[in-house]
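Shown next: coords_25.cif, containing mmCIF, C-alpha atoms.
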data_final
loop_
_atom_site.label_atom_id
_atom_site.label_comp_id
_atom_site.auth_asym_id
_atom_site.auth_seq_id
_atom_site.Cartn_x
_atom_site.Cartn_y
_atom_site.Cartn_z
CA MET A 59 5.49 41.98 -187.21
CA ASN A 60 6.86 38.46 -187.43
CA THR A 61 7.29 38.35 -183.66
CA ASN A 62 3.71 39.45 -183.15
CA LYS A 63 2.51 36.84 -185.61
CA SER A 64 4.41 34.09 -183.86
CA LEU A 65 3.03 35.27 -180.51
CA ASP A 66 -0.47 35.28 -181.94
CA ASN A 67 -0.12 31.58 -182.65
CA LYS A 68 0.78 30.78 -179.07
CA THR A 69 -1.74 29.25 -176.69
CA ASP A 70 -3.05 31.16 -173.68
CA SER A 71 -0.88 29.09 -171.34
CA GLU A 72 2.24 29.81 -173.39
CA LEU A 73 1.46 33.53 -173.39
CA ILE A 74 0.92 33.46 -169.63
CA GLU A 75 4.38 31.98 -169.12
CA LEU A 76 5.91 34.73 -171.25
CA ALA A 77 3.80 37.48 -169.66
CA LYS A 78 5.16 36.60 -166.21
CA LYS A 79 8.46 38.07 -167.39
CA ASP A 80 7.27 40.67 -169.88
CA PRO A 81 4.15 42.78 -169.21
CA ASP A 82 3.96 43.79 -172.88
CA ILE A 83 3.08 40.22 -173.78
CA PHE A 84 0.19 40.42 -171.34
CA GLY A 85 -1.27 42.95 -173.77
CA LEU A 86 -1.94 40.06 -176.15
CA ILE A 87 -4.00 38.30 -173.49
CA VAL A 88 -5.96 41.51 -172.97
CA ALA A 89 -6.53 41.81 -176.71
CA ARG A 90 -7.68 38.20 -176.92
CA TYR A 91 -10.23 38.43 -174.16
CA GLN A 92 -11.39 42.04 -173.94
CA GLU A 93 -14.35 41.72 -176.29
CA LYS A 94 -15.52 38.37 -174.92
CA LEU A 95 -15.34 39.59 -171.34
CA TYR A 96 -16.88 42.94 -172.21
CA ARG A 97 -19.93 41.14 -173.63
CA TYR A 98 -20.02 38.74 -170.68
CA ILE A 99 -19.98 41.57 -168.11
CA GLN A 100 -22.74 43.35 -169.98
CA ARG A 101 -24.81 40.19 -170.02
CA ILE A 102 -24.61 39.61 -166.28
CA SER A 103 -24.69 43.20 -165.04
CA TYR A 104 -26.52 46.45 -165.60
CA PHE A 105 -23.50 48.69 -166.07
CA LYS A 106 -23.03 51.39 -168.66
CA LYS A 107 -20.36 51.07 -171.36
CA GLU A 108 -17.81 53.25 -169.53
CA ASP A 109 -18.35 51.39 -166.26
CA VAL A 110 -17.89 48.05 -168.00
CA GLU A 111 -14.60 49.26 -169.48
CA ASP A 112 -13.37 50.36 -166.05
CA ILE A 113 -14.37 47.04 -164.49
CA LEU A 114 -12.72 45.20 -167.34
CA GLN A 115 -9.45 47.01 -166.80
CA GLU A 116 -9.58 46.16 -163.10
CA ILE A 117 -10.16 42.54 -164.08
CA PHE A 118 -7.11 42.45 -166.35
CA ILE A 119 -4.92 44.01 -163.68
CA LYS A 120 -6.18 41.43 -161.20
CA VAL A 121 -5.43 38.68 -163.70
CA TYR A 122 -1.92 40.06 -164.18
CA LYS A 123 -1.30 40.19 -160.43
CA ASN A 124 -2.50 36.60 -160.04
CA LEU A 125 -0.68 35.06 -163.00
CA TYR A 126 1.24 32.67 -160.74
CA ASP A 127 -2.01 31.44 -159.25
CA TYR A 128 -3.22 30.12 -162.60
CA ASP A 129 -3.34 26.35 -162.59
CA ASP A 130 -2.97 25.08 -166.16
CA SER A 131 -4.99 21.94 -165.40
CA LEU A 132 -8.03 24.10 -166.12
CA LYS A 133 -8.75 26.18 -169.19
CA PHE A 134 -7.33 29.69 -169.05
CA SER A 135 -10.63 31.02 -170.36
CA SER A 136 -12.48 29.43 -167.40
CA TRP A 137 -10.02 31.03 -164.99
CA ILE A 138 -10.27 34.51 -166.51
CA TYR A 139 -14.08 34.25 -166.71
CA ARG A 140 -14.11 33.29 -163.02
CA ILE A 141 -12.13 36.40 -162.10
CA ALA A 142 -14.37 38.53 -164.34
CA ARG A 143 -17.51 37.11 -162.79
CA ASN A 144 -16.30 37.62 -159.21
CA GLN A 145 -15.13 41.17 -159.89
CA THR A 146 -18.42 42.04 -161.62
CA ILE A 147 -20.46 40.63 -158.73
CA ASP A 148 -18.36 42.67 -156.30
CA GLU A 149 -19.03 45.81 -158.36
CA ILE A 150 -22.76 45.04 -158.51
CA ARG A 151 -22.81 44.71 -154.71
CA LYS A 152 -20.84 47.92 -154.30
CA LYS A 153 -23.04 49.94 -156.60
CA SER A 154 -26.33 48.12 -155.83
CA ARG A 155 -27.51 48.55 -159.37
CA VAL A 156 -30.45 46.22 -159.33
CA SER A 157 -33.15 48.20 -161.02
CA GLN A 158 -31.54 48.92 -164.37
CA ILE A 159 -32.02 47.15 -167.65
CA LEU A 160 -29.90 44.17 -168.69
CA SER A 161 -27.77 44.71 -171.77
CA LEU A 162 -29.01 41.82 -173.87
CA ASP A 163 -29.35 42.45 -177.60
CA GLU A 164 -31.82 40.70 -179.89
CA LYS A 165 -29.18 38.19 -180.97
CA ASP A 166 -28.67 37.21 -177.32
CA LEU A 167 -32.39 36.93 -176.76
CA GLY A 168 -32.72 34.75 -179.86
CA LYS A 169 -30.09 32.38 -178.47
CA LEU A 170 -31.93 32.15 -175.17
CA ILE A 171 -35.21 31.40 -176.94
CA LYS A 172 -33.59 28.46 -178.70
CA SER A 173 -32.22 27.23 -175.40
CA SER A 174 -35.61 26.69 -173.83
CA VAL A 175 -37.71 23.66 -174.64
CA ASN A 176 -40.81 24.57 -176.66
CA LEU A 177 -40.08 28.23 -176.15
CA GLU A 178 -39.17 29.08 -179.71
CA HIS A 179 -42.63 28.36 -181.03
CA GLU A 180 -44.39 30.28 -178.28
CA ILE A 181 -42.15 33.32 -178.42
CA THR A 182 -42.33 33.85 -182.15
CA ARG A 183 -46.05 33.41 -182.12
CA LYS A 184 -47.07 35.41 -179.09
CA ASP A 185 -44.31 37.39 -177.54
CA SER A 186 -41.88 40.09 -178.27
CA PHE A 187 -38.21 40.12 -177.39
CA GLU A 188 -39.05 42.71 -174.77
CA LYS A 189 -41.08 40.16 -172.80
CA LEU A 190 -38.18 37.75 -172.89
CA ARG A 191 -35.86 40.48 -171.69
CA VAL A 192 -38.17 41.14 -168.73
CA ALA A 193 -38.47 37.41 -168.00
CA ILE A 194 -34.68 37.07 -167.93
CA GLN A 195 -34.32 40.15 -165.80
CA ASN A 196 -36.82 38.72 -163.32
CA LEU A 197 -34.76 35.56 -162.91
CA PRO A 198 -32.73 35.26 -159.72
CA GLN A 199 -29.04 36.06 -160.33
CA LYS A 200 -27.88 32.43 -159.86
CA TYR A 201 -30.12 31.19 -162.70
CA ARG A 202 -29.51 34.16 -164.94
CA GLU A 203 -25.72 33.85 -164.81
CA VAL A 204 -25.76 30.13 -165.48
CA LEU A 205 -28.06 30.56 -168.50
CA VAL A 206 -25.83 33.34 -169.82
CA LEU A 207 -22.74 31.13 -169.53
CA ARG A 208 -24.42 28.11 -171.11
CA PHE A 209 -26.40 29.63 -173.95
CA LEU A 210 -24.79 33.01 -174.67
CA GLU A 211 -21.16 32.34 -173.83
CA GLU A 212 -21.66 28.76 -175.05
CA LYS A 213 -19.58 27.22 -172.27
CA ASP A 214 -19.83 23.51 -171.52
CA TYR A 215 -20.74 22.14 -168.08
CA GLU A 216 -17.10 21.56 -167.14
CA GLU A 217 -16.20 25.19 -167.92
CA ILE A 218 -19.24 26.55 -166.07
CA MET A 219 -18.28 24.40 -163.08
CA ASP A 220 -14.78 25.97 -163.08
CA ILE A 221 -16.08 29.52 -163.59
CA LEU A 222 -18.73 29.40 -160.88
CA LYS A 223 -16.73 27.05 -158.62
CA LYS A 224 -19.76 24.83 -158.20
CA PRO A 225 -19.99 21.04 -158.67
CA LYS A 226 -21.22 19.77 -162.02
CA GLY A 227 -24.45 18.40 -160.54
CA THR A 228 -25.30 21.80 -159.11
CA VAL A 229 -24.56 23.46 -162.46
CA ALA A 230 -26.87 20.99 -164.24
CA THR A 231 -29.63 21.61 -161.68
CA LEU A 232 -29.26 25.39 -161.98
CA ILE A 233 -29.51 25.23 -165.78
CA LYS A 234 -32.54 22.95 -165.65
CA ARG A 235 -34.36 25.09 -163.09
CA GLY A 236 -33.31 28.31 -164.83
CA ARG A 237 -34.82 27.13 -168.11
CA LYS A 238 -38.00 26.09 -166.34
CA LEU A 239 -38.26 29.43 -164.53
CA LEU A 240 -37.58 31.34 -167.74
CA LYS A 241 -40.36 29.47 -169.50
CA LYS A 242 -42.74 29.95 -166.57
CA GLY A 243 -41.90 33.66 -166.32
CA LEU A 244 -42.52 34.12 -170.01
CA THR A 245 -45.83 32.28 -169.89
CA THR A 246 -46.92 34.52 -167.01
CA LEU A 247 -45.96 37.63 -168.96
CA THR A 248 -47.83 36.38 -172.05
CA LEU A 249 -50.98 35.69 -170.09
CA MET B 152 -15.39 49.46 -177.17
CA LYS B 153 -11.94 51.00 -176.88
CA ASP B 154 -8.78 48.91 -177.06
CA LEU B 155 -7.80 48.22 -173.47
CA SER B 156 -4.55 46.35 -174.10
CA GLN B 157 -2.26 49.39 -174.42
CA GLU B 158 -4.05 51.24 -171.66
CA THR B 159 -3.79 48.28 -169.28
CA ILE B 160 -0.09 47.75 -170.00
CA LYS B 161 0.51 51.47 -169.48
CA LYS B 162 -1.23 51.35 -166.12
CA ILE B 163 0.71 48.23 -165.09
CA LYS B 164 3.99 49.96 -165.92
CA GLU B 165 3.07 53.33 -164.41
CA LYS B 166 1.93 51.82 -161.14
CA ASN B 167 4.82 49.36 -161.17
CA ILE B 168 2.46 46.42 -160.74
CA HIS B 169 4.06 42.96 -160.66
CA PRO B 170 2.55 39.48 -160.54
CA THR B 171 2.33 38.23 -156.95
CA THR B 172 5.08 35.70 -156.32
CA LYS B 173 4.49 32.00 -156.75
CA TRP B 174 5.52 31.44 -153.13
CA LYS B 175 2.66 33.47 -151.73
CA PHE B 176 0.14 31.23 -153.48
CA LEU B 177 2.03 28.08 -152.50
CA VAL B 178 2.09 29.15 -148.84
CA GLU B 179 -1.61 30.05 -148.93
CA ASN B 180 -2.44 26.67 -150.42
CA PHE B 181 -0.21 24.86 -147.95
CA PHE B 182 -1.85 26.74 -145.07
CA ILE B 183 -5.31 25.66 -146.24
CA TRP B 184 -4.28 21.98 -146.38
CA ILE B 185 -2.51 22.10 -143.02
CA SER B 186 -5.55 23.78 -141.43
CA LEU B 187 -7.75 21.12 -143.00
CA ALA B 188 -5.54 18.37 -141.55
CA PHE B 189 -5.80 19.95 -138.09
CA LEU B 190 -9.57 20.27 -138.41
CA ILE B 191 -9.80 16.58 -139.33
CA ILE B 192 -7.73 15.68 -136.25
CA PHE B 193 -9.78 17.98 -133.98
CA GLY B 194 -13.03 16.65 -135.44
CA ALA B 195 -11.89 13.06 -135.02
CA VAL B 196 -10.89 13.65 -131.38
CA SER B 197 -14.26 15.35 -130.74
CA LEU B 198 -16.01 12.34 -132.24
CA ALA B 199 -13.96 9.95 -130.09
CA LEU B 200 -14.72 11.99 -126.96
CA ALA B 201 -18.41 12.30 -127.78
CA TYR B 202 -18.49 8.51 -128.21
CA TYR B 203 -16.52 8.07 -124.97
CA PHE B 204 -19.17 10.05 -123.07
CA LEU B 205 -22.12 8.52 -124.85
CA ILE B 206 -21.12 4.94 -124.02
CA GLN B 207 -20.59 5.98 -120.40
CA LEU B 208 -24.16 7.17 -119.99
CA ASP B 209 -27.05 4.84 -119.14
CA TRP B 210 -29.27 5.24 -122.15
CA ASP B 211 -31.94 2.87 -120.91
CA VAL B 212 -33.04 5.50 -118.39
CA LEU B 213 -34.39 7.44 -121.37
CA ARG B 214 -37.69 5.84 -120.48
CA PHE B 215 -37.68 8.25 -117.54
CA MET B 216 -37.54 11.06 -120.03
CA HIS B 217 -40.80 12.49 -118.76
CA ARG B 218 -38.91 13.30 -115.60
CA THR B 219 -35.82 14.68 -117.24
CA SER B 220 -35.11 16.79 -120.26
CA LEU B 221 -33.83 15.92 -123.69
CA PHE B 222 -31.98 19.24 -123.61
CA PHE B 223 -29.82 17.94 -120.79
CA TRP B 224 -28.77 14.91 -122.84
CA LEU B 225 -27.81 16.64 -126.02
CA VAL B 226 -27.00 20.31 -125.71
CA PRO B 227 -24.44 20.63 -122.93
CA HIS B 228 -22.29 18.03 -124.60
CA ILE B 229 -19.45 20.26 -125.67
CA TRP B 230 -17.79 17.56 -127.77
CA LEU B 231 -20.89 17.03 -129.88
CA LEU B 232 -21.08 20.75 -130.50
CA LEU B 233 -17.37 20.91 -131.35
CA LEU B 234 -17.75 17.92 -133.66
CA VAL B 235 -20.42 19.77 -135.63
CA LEU B 236 -18.33 22.95 -135.66
CA PHE B 237 -15.18 21.19 -136.91
CA PHE B 238 -17.23 19.37 -139.53
CA ILE B 239 -18.65 22.63 -140.89
CA LEU B 240 -15.24 24.34 -140.86
CA ALA B 241 -13.60 21.35 -142.59
CA PHE B 242 -16.35 21.40 -145.24
CA ILE B 243 -15.89 25.11 -145.91
CA LEU B 244 -12.11 24.80 -146.00
CA PHE B 245 -12.21 21.82 -148.35
CA ARG B 246 -14.36 23.88 -150.69
CA ARG B 247 -11.63 26.55 -150.60
CA THR B 248 -8.93 24.21 -151.86
CA LYS B 249 -8.06 24.59 -155.54
CA LYS B 250 -10.32 21.82 -156.81
CA GLY B 251 -12.55 21.42 -153.76
CA TYR B 252 -15.59 22.85 -155.53
CA ARG B 253 -15.64 20.02 -158.06
CA LEU B 254 -16.97 17.38 -155.66
CA GLU B 255 -20.66 17.25 -154.74
CA GLY B 256 -21.52 18.31 -151.19
CA ILE B 257 -22.64 14.81 -150.21
CA ILE B 258 -19.29 13.34 -151.32
CA VAL B 259 -17.30 15.99 -149.46
CA SER B 260 -19.42 15.44 -146.32
CA SER B 261 -19.01 11.65 -146.52
CA LEU B 262 -15.28 11.99 -147.07
CA ILE B 263 -14.84 14.27 -144.06
CA PHE B 264 -17.00 12.05 -141.87
CA LEU B 265 -15.08 8.96 -142.99
CA LEU B 266 -11.79 10.65 -142.06
CA PHE B 267 -13.27 11.68 -138.68
CA LEU B 268 -14.34 8.07 -138.17
CA LEU B 269 -10.98 6.57 -139.12
CA VAL B 270 -8.83 8.95 -137.10
CA GLY B 271 -11.39 8.97 -134.26
CA SER B 272 -11.38 5.15 -134.08
CA ALA B 273 -7.59 5.21 -133.83
CA ALA B 274 -7.82 7.83 -131.05
CA HIS B 275 -10.35 5.64 -129.20
CA TYR B 276 -8.23 2.51 -129.72
CA PHE B 277 -5.19 4.20 -128.19
CA GLN B 278 -7.36 5.69 -125.39
CA ALA B 279 -6.49 9.21 -126.46
CA ASP B 280 -10.12 10.18 -125.76
CA GLU B 281 -9.89 9.17 -122.12
CA ASN B 282 -6.49 10.86 -121.66
CA ILE B 283 -7.68 14.08 -123.25
CA ASN B 284 -10.79 14.04 -121.08
CA ASN B 285 -8.66 13.59 -117.95
CA ILE B 286 -6.38 16.47 -118.95
CA PHE B 287 -9.35 18.74 -119.68
CA SER B 288 -11.09 17.76 -116.42
CA LYS B 289 -8.02 18.73 -114.42
CA ARG B 290 -6.88 21.82 -116.30
CA VAL B 291 -9.88 23.47 -117.93
CA PRO B 292 -12.13 25.36 -115.48
CA GLY B 293 -15.82 24.73 -116.08
CA TYR B 294 -15.16 21.77 -118.37
CA GLN B 295 -17.29 19.44 -116.24
CA LEU B 296 -20.27 21.72 -116.71
CA LEU B 297 -19.96 21.45 -120.48
CA THR B 298 -20.00 17.66 -120.62
CA ASN B 299 -22.57 15.10 -119.64
CA ASN B 300 -20.51 12.58 -117.74
CA LYS B 301 -21.95 9.75 -115.74
CA GLU B 302 -21.69 11.58 -112.41
CA ARG B 303 -23.59 14.51 -113.87
CA GLN B 304 -26.22 12.21 -115.32
CA TRP B 305 -26.82 10.71 -111.89
CA SER B 306 -26.85 14.03 -110.06
CA GLN B 307 -30.38 15.01 -111.05
CA PRO B 308 -32.61 14.20 -108.06
CA GLU B 309 -35.35 16.46 -109.50
CA ALA B 310 -35.35 14.34 -112.62
CA GLY B 311 -35.41 11.12 -110.59
CA LEU B 312 -31.78 10.12 -111.04
CA LEU B 313 -29.45 10.01 -108.04
CA GLY B 314 -26.07 8.37 -107.59
CA GLY B 315 -23.45 8.19 -104.89
CA GLU B 316 -21.85 6.11 -102.19
CA ILE B 317 -23.73 4.24 -99.48
CA THR B 318 -22.71 5.41 -96.01
CA LYS B 319 -25.17 3.43 -93.86
CA VAL B 320 -27.76 0.68 -94.48
CA LYS B 321 -30.91 0.31 -92.38
CA GLU B 322 -33.97 -1.96 -92.76
CA LYS B 323 -36.16 0.30 -94.87
CA ASN B 324 -33.74 2.91 -95.98
CA LEU B 325 -30.10 3.69 -96.54
CA ASN B 326 -27.91 6.77 -96.34
CA LEU B 327 -26.14 7.95 -99.47
CA LYS B 328 -23.56 10.66 -100.10
CA ASP B 329 -24.04 12.11 -103.58
CA PHE B 330 -21.30 13.47 -105.87
CA GLN B 331 -21.63 16.94 -104.44
CA GLY B 332 -21.07 15.55 -100.93
CA LYS B 333 -24.68 15.94 -99.86
CA ASP B 334 -26.29 13.28 -97.62
CA TRP B 335 -29.57 11.66 -98.63
CA GLN B 336 -31.92 9.19 -97.05
CA ILE B 337 -32.98 6.68 -99.69
CA ASN B 338 -36.23 4.91 -98.86
CA TYR B 339 -37.03 1.54 -100.42
CA ASP B 340 -39.79 -1.04 -100.01
CA GLN B 341 -41.24 -4.18 -101.58
CA ASN B 342 -42.00 -2.28 -104.78
CA THR B 343 -38.38 -1.23 -105.22
CA SER B 344 -36.48 -3.22 -107.82
CA ILE B 345 -32.94 -3.92 -106.62
CA ARG B 346 -30.64 -5.25 -109.33
CA PRO B 347 -29.00 -8.65 -108.62
CA SER B 348 -25.44 -7.40 -108.38
CA VAL B 349 -26.28 -4.72 -105.81
CA ASN B 350 -25.05 -5.72 -102.35
CA LEU B 351 -26.38 -2.73 -100.37
CA GLN B 352 -23.24 -2.36 -98.28
CA PRO B 353 -21.46 0.73 -96.96
CA ASN B 354 -18.89 2.23 -99.38
CA GLU B 355 -20.71 0.70 -102.34
CA LYS B 356 -21.40 3.10 -105.23
CA ILE B 357 -24.93 2.85 -106.56
CA LYS B 358 -27.41 4.53 -108.91
CA VAL B 359 -30.97 5.12 -107.81
CA ILE B 360 -33.98 5.82 -109.99
CA GLY B 361 -36.93 7.24 -108.13
CA GLU B 362 -38.53 10.38 -106.84
CA LYS B 363 -37.25 13.21 -104.71
CA LYS B 364 -39.51 13.60 -101.67
CA ASN B 365 -37.81 16.56 -100.06
CA ASP B 366 -34.32 18.03 -99.71
CA LYS B 367 -33.08 15.02 -97.76
CA GLU B 368 -35.28 12.10 -98.79
CA PHE B 369 -35.50 10.15 -102.03
CA GLN B 370 -37.95 7.31 -102.74
CA ALA B 371 -36.25 4.54 -104.76
CA ASP B 372 -38.08 2.75 -107.58
CA GLU B 373 -34.95 0.98 -108.74
CA ILE B 374 -31.42 0.55 -107.35
CA ARG B 375 -28.53 -0.33 -109.66
CA PRO B 376 -24.81 -0.86 -109.15
CA TRP B 377 -22.61 2.03 -110.27
CA GLU B 378 -20.98 0.00 -113.04
CA GLY B 379 -23.32 -1.52 -115.61
CA LYS B 380 -26.95 -2.43 -115.18
CA GLY B 381 -26.40 -5.08 -112.52
CA MET B 382 -28.16 -7.95 -114.30
CA MET B 383 -25.26 -10.38 -114.01
CA ARG B 384 -26.51 -12.44 -111.05
CA GLY B 385 -29.63 -13.98 -112.52
CA LYS B 386 -33.09 -12.48 -112.24
CA MET B 387 -33.90 -9.14 -110.73
CA LYS B 388 -34.78 -9.57 -107.09
CA MET B 389 -37.37 -7.62 -105.18
CA GLY B 390 -36.51 -5.55 -102.15
CA ASN B 391 -37.66 -6.22 -98.63
#
For this file, write the structure as structure tokens.
Amino acid sequence: MNTNKSLDNKTDSELIELAKKDPDIFGLIVARYQEKLYRYIQRISYFKKEDVEDILQEIFIKVYKNLYDYDDSLKFSSWIYRIARNQTIDEIRKKSRVSQILSLDEKDLGKLIKSSVNLEHEITRKDSFEKLRVAIQNLPQKYREVLVLRFLEEKDYEEIMDILKKPKGTVATLIKRGRKLLKKGLTTLTL
Amino acid sequence: MKDLSQETIKKIKEKNIHPTTKWKFLVENFFIWISLAFLIIFGAVSLALAYYFLIQLDWDVLRFMHRTSLFFWLVPHIWLLLLVLFFILAFILFRRTKKGYRLEGIIVSSLIFLLFLLVGSAAHYFQADENINNIFSKRVPGYQLLTNNKERQWSQPEAGLLGGEITKVKEKNLNLKDFQGKDWQINYDQNTSIRPSVNLQPNEKIKVIGEKKNDKEFQADEIRPWEGKGMMRGKMKMGN
């Protein structure tokens, strides 16, 4: 118990160092990130619960195999999100699931409404969450994933840059254009 | 969702999965940087060679462009093509380094070009470009066809550009052996501009701008010395 408690207080980087020698400690990393990554995968893909769990396990095994590749000059969470994102995109390509419905709940949709300039007023007055869901689904993948990271995962620009492996300027442009497109898409749906 | 931690650990143990060694990643990273260094050197040498060829060519004859083709000037220049190729590869490889994605594309491009320029200038200063060109000319079959050297530029009678060595001089014409060993009769008259430093003597190498009349005859509009534009001895003189 005491050992577990002391391990719980350790940072991600400290746990990584220990996990390199003891796979059981890696279980703590899995426990720390499984829910966050589960939600993230659902937000950027169209997979069912069981599929997401399978993908997630693949992600953790990949993380474990690549522990020595982790560079502690960047946040561990950015690194693990990057692996999760790449694995999910690979799975999407493999399974070509493009026509299914995104797994965004009303809480997620509410966060996205707040993220868009002047959108909150319009959406509460005229639109339903369903319209927003469609508008998000209609967004190209590159805008959708950046909006998910910024407004649902609440990552800062630096973290998004490290997750997507894109320069900060590009990230800023994608967010700006994504918000614009989301607003435009929603207006079109309302009209 | 179900708790994946125990399940994942179980799978790791069952399948005897281990973290990939640190050395593999270090070697991979080292290989990327070494490849990048080579690409910078190759790109810089390509730039130096492209420059070497470009300064050799007579660019002022571009005004005769209606008789020749822009395609000839740009496309067959293998070093320009290689320069672009090495630039693209270096850009992609830089992006694949650990932190390469953090810099904006314009900064990465400028950085690569600056390195090409610095190393290329050194290569030009130490005449590496000329030496490499000589080695390629001797040892690589078909190399001459892939580059636009001066001889090739002045071996386009159809386009109005002909060069070679004078074999015989007469009153209204001269005989010239071109770079393929073919004999030509070059006709000139009072309308022909003959550059001041041209002596019109046998064994002299010259460049002629004009029009091909038939397979053996070429009407000269302008005659220049092989080296330079031939303006060194005062004003341009008119022919006979």
**Item:** Result set, the PyMOL selection byres ((chain A) within 7 of (chain B)) on current file, as a PyMOL selection string
**Value:** chain A and resi 78+81-82+85+88-89+115+122-127+223-226
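Straight-line separation from atom CA of B:Glu281 to atom CA of B:Phe238: 21.5 Å.
Atom CA of B:His228 lies 5.8 Å from atom CA of B:Leu297.
Taking atom CA of B:Ala241 and atom CA of B:Ile183 as the two end points, the separation is 10.0 Å.
In this comparison, which uses all atoms listed in the file, the residue of B:Thr298, B:Asn354, B:Ser197, B:Gln370 approaching B:Ala274 most closely is B:Ser197.
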Box along x, y and z, 5 Å on every side, all listed atoms of stretch 77-87 of chain A inside: centre and edge lengths in Å to one decimal, as JSON.
{"center_x": 2.2, "center_y": 40.2, "center_z": -171.2, "size_x": 22.5, "size_y": 17.2, "size_z": 19.9}
Residues proximal to (-12.6, 34.6, -168.0) were defined as those with any atom within 9 Å of that point in the file's coordinates, counting all atoms listed in the file. Which are they, as a PDB file with C-alpha atoms, in the frame of the given file?
ATOM      1  CA  TYR A  91     -10.230  38.430-174.160  1.00  0.00           C
ATOM      2  CA  LYS A  94     -15.520  38.370-174.920  1.00  0.00           C
ATOM      3  CA  LEU A  95     -15.340  39.590-171.340  1.00  0.00           C
ATOM      4  CA  TYR A  98     -20.020  38.740-170.680  1.00  0.00           C
ATOM      5  CA  PHE A 134      -7.330  29.690-169.050  1.00  0.00           C
ATOM      6  CA  SER A 135     -10.630  31.020-170.360  1.00  0.00           C
ATOM      7  CA  SER A 136     -12.480  29.430-167.400  1.00  0.00           C
ATOM      8  CA  TRP A 137     -10.020  31.030-164.990  1.00  0.00           C
ATOM      9  CA  ILE A 138     -10.270  34.510-166.510  1.00  0.00           C
ATOM     10  CA  TYR A 139     -14.080  34.250-166.710  1.00  0.00           C
ATOM     11  CA  ARG A 140     -14.110  33.290-163.020  1.00  0.00           C
ATOM     12  CA  ILE A 141     -12.130  36.400-162.100  1.00  0.00           C
ATOM     13  CA  ALA A 142     -14.370  38.530-164.340  1.00  0.00           C
ATOM     14  CA  ARG A 143     -17.510  37.110-162.790  1.00  0.00           C
ATOM     15  CA  ILE A 221     -16.080  29.520-163.590  1.00  0.00           C
TER      16      ILE A 221
END
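Using all atoms listed in the file, the nearest neighbour of A:Asp112 within the list A:Glu149, A:Asp130, A:Glu188, A:Asp80 is A:Glu149.
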**Request:** Determine the residue membership of the PyMOL selection byres ((chain B and resi 200) around 8) for the file above and supply it as an MDAnalysis selection string.
**Result:** chainID B and resid 196:199 201:204 230 280:281 284
Would you kindly translate the PyMOL selection byres ((chain B and resi 266-273) around 7) into the concrete residues it picks from this file, as a PDB file with C-alpha atoms, keeping the file's coordinate frame?
ATOM      1  CA  ILE B 191      -9.800  16.580-139.330  1.00  0.00           C
ATOM      2  CA  ILE B 192      -7.730  15.680-136.250  1.00  0.00           C
ATOM      3  CA  GLY B 194     -13.030  16.650-135.440  1.00  0.00           C
ATOM      4  CA  ALA B 195     -11.890  13.060-135.020  1.00  0.00           C
ATOM      5  CA  VAL B 196     -10.890  13.650-131.380  1.00  0.00           C
ATOM      6  CA  LEU B 198     -16.010  12.340-132.240  1.00  0.00           C
ATOM      7  CA  ALA B 199     -13.960   9.950-130.090  1.00  0.00           C
ATOM      8  CA  LEU B 262     -15.280  11.990-147.070  1.00  0.00           C
ATOM      9  CA  ILE B 263     -14.840  14.270-144.060  1.00  0.00           C
ATOM     10  CA  PHE B 264     -17.000  12.050-141.870  1.00  0.00           C
ATOM     11  CA  LEU B 265     -15.080   8.960-142.990  1.00  0.00           C
ATOM     12  CA  ALA B 274      -7.820   7.830-131.050  1.00  0.00           C
ATOM     13  CA  HIS B 275     -10.350   5.640-129.200  1.00  0.00           C
ATOM     14  CA  TYR B 276      -8.230   2.510-129.720  1.00  0.00           C
ATOM     15  CA  PHE B 277      -5.190   4.200-128.190  1.00  0.00           C
TER      16      PHE B 277
END
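Distances here use all atoms listed in the file; by that measure, the residue among A:Met219, A:Leu207, A:Ile113, A:Leu244 closest to A:Leu190 is A:Leu244.
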